[in-house]
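Chemist: Provided herewith: entry35.cif, mmCIF, C-alpha atoms, pLDDT in the B column; chains and numbers go by the auth columns.
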data_structure
#
loop_
_atom_site.group_PDB
_atom_site.id
_atom_site.type_symbol
_atom_site.label_atom_id
_atom_site.label_comp_id
_atom_site.label_asym_id
_atom_site.label_seq_id
_atom_site.Cartn_x
_atom_site.Cartn_y
_atom_site.Cartn_z
_atom_site.B_iso_or_equiv
_atom_site.auth_seq_id
_atom_site.auth_asym_id
ATOM 1 C CA MET A 1 0.000 0.000 0.000 78.00 1 S
ATOM 2 C CA SER A 2 1.171 3.513 -0.836 83.00 2 S
ATOM 3 C CA ASP A 3 2.029 6.150 1.755 88.00 3 S
ATOM 4 C CA THR A 4 -0.400 8.497 -0.013 86.00 4 S
ATOM 5 C CA PRO A 5 -3.518 6.461 -0.874 89.00 5 S
ATOM 6 C CA VAL A 6 -5.852 9.469 -1.060 87.00 6 S
ATOM 7 C CA LEU A 7 -3.543 11.425 -3.359 80.00 7 S
ATOM 8 C CA ASP A 8 -3.029 8.307 -5.466 84.00 8 S
ATOM 9 C CA LEU A 9 -6.796 7.910 -5.848 89.00 9 S
ATOM 10 C CA VAL A 10 -7.264 11.558 -6.795 82.00 10 S
ATOM 11 C CA ALA A 11 -4.459 11.292 -9.366 80.00 11 S
ATOM 12 C CA GLU A 12 -6.024 8.144 -10.835 87.00 12 S
ATOM 13 C CA MET A 13 -9.485 9.733 -11.004 86.00 13 S
ATOM 14 C CA THR A 14 -8.013 12.821 -12.652 82.00 14 S
ATOM 15 C CA ALA A 15 -6.145 10.770 -15.256 81.00 15 S
ATOM 16 C CA LEU A 16 -9.315 8.828 -16.108 87.00 16 S
ATOM 17 C CA SER A 17 -11.333 12.031 -16.350 85.00 17 S
ATOM 18 C CA VAL A 18 -8.819 13.673 -18.676 82.00 18 S
ATOM 19 C CA ALA A 19 -8.630 10.557 -20.846 87.00 19 S
ATOM 20 C CA GLN A 20 -12.426 10.395 -21.213 90.00 20 S
ATOM 21 C CA ALA A 21 -13.098 14.103 -21.760 90.00 21 S
ATOM 22 C CA ASP A 22 -13.463 15.276 -25.328 93.00 22 S
ATOM 23 C CA LEU A 23 -11.779 18.607 -24.556 94.00 23 S
ATOM 24 C CA ASP A 24 -8.319 20.019 -25.096 93.00 24 S
ATOM 25 C CA ALA A 25 -6.045 20.281 -22.057 89.00 25 S
ATOM 26 C CA LYS A 26 -6.547 24.023 -21.530 93.00 26 S
ATOM 27 C CA SER A 27 -10.341 23.670 -21.672 95.00 27 S
ATOM 28 C CA ILE A 28 -10.173 20.863 -19.112 93.00 28 S
ATOM 29 C CA MET A 29 -8.223 23.106 -16.746 92.00 29 S
ATOM 30 C CA LEU A 30 -10.701 25.961 -17.230 95.00 30 S
ATOM 31 C CA VAL A 31 -13.622 23.640 -16.459 95.00 31 S
ATOM 32 C CA ARG A 32 -11.803 22.213 -13.427 93.00 32 S
ATOM 33 C CA LEU A 33 -11.171 25.759 -12.193 94.00 33 S
ATOM 34 C CA ALA A 34 -14.868 26.602 -12.587 96.00 34 S
ATOM 35 C CA ALA A 35 -15.790 23.466 -10.640 95.00 35 S
ATOM 36 C CA LEU A 36 -13.363 24.369 -7.848 95.00 36 S
ATOM 37 C CA ILE A 37 -14.902 27.836 -7.622 94.00 37 S
ATOM 38 C CA ALA A 38 -18.464 26.494 -7.618 94.00 38 S
ATOM 39 C CA SER A 39 -17.676 23.916 -4.949 94.00 39 S
ATOM 40 C CA ASP A 40 -16.023 26.506 -2.649 94.00 40 S
ATOM 41 C CA ALA A 41 -12.765 24.547 -2.741 93.00 41 S
ATOM 42 C CA PRO A 42 -10.009 25.267 -0.208 93.00 42 S
ATOM 43 C CA PRO A 43 -6.592 26.633 -1.257 92.00 43 S
ATOM 44 C CA ILE A 44 -5.036 23.132 -1.311 89.00 44 S
ATOM 45 C CA SER A 45 -7.369 22.164 -4.165 90.00 45 S
ATOM 46 C CA TYR A 46 -6.148 25.076 -6.269 89.00 46 S
ATOM 47 C CA LEU A 47 -2.564 24.316 -5.278 86.00 47 S
ATOM 48 C CA ALA A 48 -3.003 20.754 -6.552 84.00 48 S
ATOM 49 C CA ASN A 49 -3.852 22.168 -9.992 84.00 49 S
ATOM 50 C CA ILE A 50 -1.272 24.959 -10.355 83.00 50 S
ATOM 51 C CA GLY A 51 1.321 22.725 -12.025 82.00 51 S
ATOM 52 C CA ALA A 52 -1.126 21.371 -14.577 84.00 52 S
ATOM 53 C CA ALA A 53 -2.511 24.863 -15.219 86.00 53 S
ATOM 54 C CA ASP A 54 0.990 26.130 -15.903 86.00 54 S
ATOM 55 C CA ASP A 55 1.742 23.125 -18.121 87.00 55 S
ATOM 56 C CA VAL A 56 -1.203 23.904 -20.424 89.00 56 S
ATOM 57 C CA GLY A 57 -0.412 27.615 -20.590 92.00 57 S
ATOM 58 C CA LEU A 58 -3.192 28.934 -18.385 92.00 58 S
ATOM 59 C CA GLU A 59 -2.611 32.642 -17.815 92.00 59 S
ATOM 60 C CA ILE A 60 -3.829 34.820 -14.961 88.00 60 S
ATOM 61 C CA GLU A 61 -6.227 36.452 -17.451 93.00 61 S
ATOM 62 C CA ASP A 62 -7.783 33.012 -18.045 94.00 62 S
ATOM 63 C CA VAL A 63 -8.303 32.593 -14.299 92.00 63 S
ATOM 64 C CA GLN A 64 -9.846 36.062 -14.049 93.00 64 S
ATOM 65 C CA GLY A 65 -12.097 35.247 -17.009 94.00 65 S
ATOM 66 C CA VAL A 66 -13.397 32.110 -15.306 95.00 66 S
ATOM 67 C CA LEU A 67 -14.021 34.013 -12.064 93.00 67 S
ATOM 68 C CA ILE A 68 -16.007 36.610 -14.017 94.00 68 S
ATOM 69 C CA ALA A 69 -17.909 33.995 -16.024 95.00 69 S
ATOM 70 C CA VAL A 70 -19.073 31.982 -13.016 94.00 70 S
ATOM 71 C CA ALA A 71 -19.890 34.956 -10.764 94.00 71 S
ATOM 72 C CA PRO A 72 -23.566 35.208 -11.799 93.00 72 S
ATOM 73 C CA ILE A 73 -24.076 31.491 -11.153 91.00 73 S
ATOM 74 C CA ALA A 74 -21.770 30.754 -8.220 91.00 74 S
ATOM 75 C CA GLY A 75 -22.389 34.099 -6.509 92.00 75 S
ATOM 76 C CA THR A 76 -20.120 36.978 -5.687 89.00 76 S
ATOM 77 C CA ALA A 77 -19.280 35.758 -2.182 90.00 77 S
ATOM 78 C CA ARG A 78 -18.106 32.386 -3.496 91.00 78 S
ATOM 79 C CA VAL A 79 -16.117 34.038 -6.303 92.00 79 S
ATOM 80 C CA MET A 80 -14.398 36.389 -3.867 92.00 80 S
ATOM 81 C CA THR A 81 -13.566 33.456 -1.582 93.00 81 S
ATOM 82 C CA ALA A 82 -12.201 31.577 -4.588 92.00 82 S
ATOM 83 C CA ALA A 83 -10.039 34.543 -5.600 91.00 83 S
ATOM 84 C CA GLY A 84 -8.577 34.637 -2.094 91.00 84 S
ATOM 85 C CA ASN A 85 -8.016 30.870 -2.060 91.00 85 S
ATOM 86 C CA ILE A 86 -6.296 31.024 -5.460 90.00 86 S
ATOM 87 C CA ALA A 87 -4.038 33.806 -4.161 90.00 87 S
ATOM 88 C CA LYS A 88 -3.221 31.746 -1.046 90.00 88 S
ATOM 89 C CA ALA A 89 -2.444 28.670 -3.160 88.00 89 S
ATOM 90 C CA PHE A 90 -0.270 30.705 -5.485 83.00 90 S
ATOM 91 C CA GLY A 91 1.564 32.155 -2.469 83.00 91 S
ATOM 92 C CA VAL A 92 2.221 28.655 -1.118 82.00 92 S
ATOM 93 C CA ALA A 93 3.462 27.509 -4.534 78.00 93 S
ATOM 94 C CA VAL A 94 5.819 30.483 -4.775 82.00 94 S
ATOM 95 C CA ALA A 95 7.137 29.860 -1.251 84.00 95 S
ATOM 96 C CA VAL A 96 7.785 26.190 -2.061 80.00 96 S
ATOM 97 C CA ILE A 97 9.580 27.129 -5.281 79.00 97 S
ATOM 98 C CA GLU A 98 11.672 29.724 -3.437 83.00 98 S
ATOM 99 C CA ASP A 99 12.625 27.164 -0.781 82.00 99 S
ATOM 100 C CA GLU A 100 13.559 24.596 -3.435 82.00 100 S
ATOM 101 C CA LEU A 101 15.564 27.185 -5.352 82.00 101 S
ATOM 102 C CA ALA A 102 17.325 28.258 -2.166 82.00 102 S
ATOM 103 C CA ALA A 103 18.196 24.633 -1.406 81.00 103 S
ATOM 104 C CA ILE A 104 19.558 24.181 -4.924 83.00 104 S
ATOM 105 C CA LEU A 105 21.609 27.348 -4.591 81.00 105 S
ATOM 106 C CA ASN A 106 22.582 26.303 -1.051 75.00 106 S
ATOM 107 C CA THR A 107 21.588 29.713 0.241 61.00 107 S
ATOM 108 C CA SER A 108 18.821 31.349 2.248 54.00 108 S
ATOM 109 C CA PRO A 109 15.328 32.061 0.864 53.00 109 S
ATOM 110 C CA ALA A 110 15.982 35.799 1.323 55.00 110 S
ATOM 111 C CA ARG A 111 18.964 35.579 -1.031 50.00 111 S
ATOM 112 C CA ALA A 112 16.944 33.609 -3.585 47.00 112 S
ATOM 113 C CA GLU A 113 14.322 36.384 -3.527 54.00 113 S
ATOM 114 C CA ALA A 114 17.056 38.878 -4.379 52.00 114 S
ATOM 115 C CA MET A 115 17.818 37.056 -7.633 48.00 115 S
ATOM 116 C CA PRO A 116 17.359 39.080 -10.822 49.00 116 S
ATOM 117 C CA GLN A 117 13.824 39.046 -12.191 50.00 117 S
ATOM 118 C CA GLY A 118 13.250 36.199 -14.615 47.00 118 S
ATOM 119 C CA ALA A 119 15.945 34.032 -13.033 45.00 119 S
ATOM 120 C CA GLY A 120 13.492 31.862 -11.120 43.00 120 S
ATOM 121 C CA PRO A 121 10.535 29.661 -12.097 42.00 121 S
ATOM 122 C CA THR A 122 7.089 31.080 -12.723 40.00 122 S
ATOM 123 C CA ALA A 123 3.535 29.798 -12.411 41.00 123 S
ATOM 124 C CA PHE A 124 0.553 30.541 -14.648 44.00 124 S
ATOM 125 C CA GLY A 125 2.763 31.517 -17.553 38.00 125 S
#
Any chance you could put this one into structure tokens?
Modeler:
Amino acid sequence: MSDTPVLDLVAEMTALSVAQADLDAKSIMLVRLAALIASDAPPISYLANIGAADDVGLEIEDVQGVLIAVAPIAGTARVMTAAGNIAKAFGVAVAVIEDELAAILNTSPARAEAMPQGAGPTAFG
């Protein structure tokens, strides 16, 4: 048995869903984002999708577009909560990347932050 059975199940369900959907990868991510917003998902759910969103070229404007599109249906309170949860997830992802970069550079996170712009990894394009 795996050390991460729940994550393994989610990954398997996601792979099956993607394989069965008759949508391109970017459309799948946009639909998944809309579902996360509508279901009032916590930041960890957005964090779990940041890598895939970046892989398919999802831009911040795409995320904003989905938030705007679902607002009349999901409600403004839920959309505002989602925007905050996305920001929190993005902040966690950036912190993790900074820590990993600092470890690679064998330096402190503060020094990694001082790197020239464009020298580190990015998310959402």
Chemist: Name the closest residue to Tyr46 of chain S among the candidates S:Asp24, S:Val96, S:Glu12, S:Ala89; distances are taken between atoms, counting all atoms listed in the file.
Modeler: S:Ala89
Chemist: Applied to this file, what does the PyMOL selection byres ((chain S and resi 58) around 10) return in terms of residues, put as a list in words?
Modeler: Ala25, Lys26, Ser27, Met29, Leu30, Ile50, Gly51, Ala52, Ala53, Asp54, Asp55, Val56, Gly57, Glu59, Ile60, Glu61, Asp62, Val63, Ala123, Phe124 and Gly125 of chain S
Chemist: Rank nothing, just name the residue among S:Thr81, S:Thr76, S:Asn49, S:Gln20 nearest to Ala93 of chain S, using only C-alpha atoms.
Modeler: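 Looking only at the distances to Ala93 of chain S, the closest residue turns out to be S:Asn49.
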Chemist: Expand the PyMOL selection byres ((chain S and resi 67) around 8) into the individual residues it matches in the shown file, reporting them as a list in words.
Modeler: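 Selected by the PyMOL selection byres ((chain S and resi 67) around 8) here: Ala34, Ile37, Val63, Gln64, Gly65, Val66, Ile68, Ala69, Val70, Ala71, Val79 and Ala83 of chain S.
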Chemist: For C-alpha atoms, I'd like the residues from the last selection saved as a compact mmCIF listing (two decimals), in the coordinates of the input.
Modeler:
# COMPACT_ATOMS: atom_id res chain seq x y z
CA ALA S 34 -14.87 26.60 -12.59
CA ILE S 37 -14.90 27.84 -7.62
CA VAL S 63 -8.30 32.59 -14.30
CA GLN S 64 -9.85 36.06 -14.05
CA GLY S 65 -12.10 35.25 -17.01
CA VAL S 66 -13.40 32.11 -15.31
CA ILE S 68 -16.01 36.61 -14.02
CA ALA S 69 -17.91 33.99 -16.02
CA VAL S 70 -19.07 31.98 -13.02
CA ALA S 71 -19.89 34.96 -10.76
CA VAL S 79 -16.12 34.04 -6.30
CA ALA S 83 -10.04 34.54 -5.60
Chemist: Distance atom CA of Leu47 of chain S-atom CA of Ile86 of chain S, one decimal place?
Modeler: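 Computed distance, atom CA of Leu47 of chain S to atom CA of Ile86 of chain S, equals 7.7 Å.
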Chemist: Write out as a ChimeraX atom specification the residues lying within 12 Å of segment 2-10 of chain S, counting only C-alpha atoms and excluding same-chain residues fewer than 2 positions away.
Modeler: /S:12-17,44-45,48-49
Chemist: If you take every atom of segment 69-85 of chain S that the file lists and fit an axis-aligned box around them with 8 Å extra on each side, what centre and edge lengths come out in Å to one decimal, as AutoDock Vina command-line options?
Modeler:
--center_x -16.0 --center_y 33.9 --center_z -8.8 --size_x 32.1 --size_y 22.2 --size_z 30.4
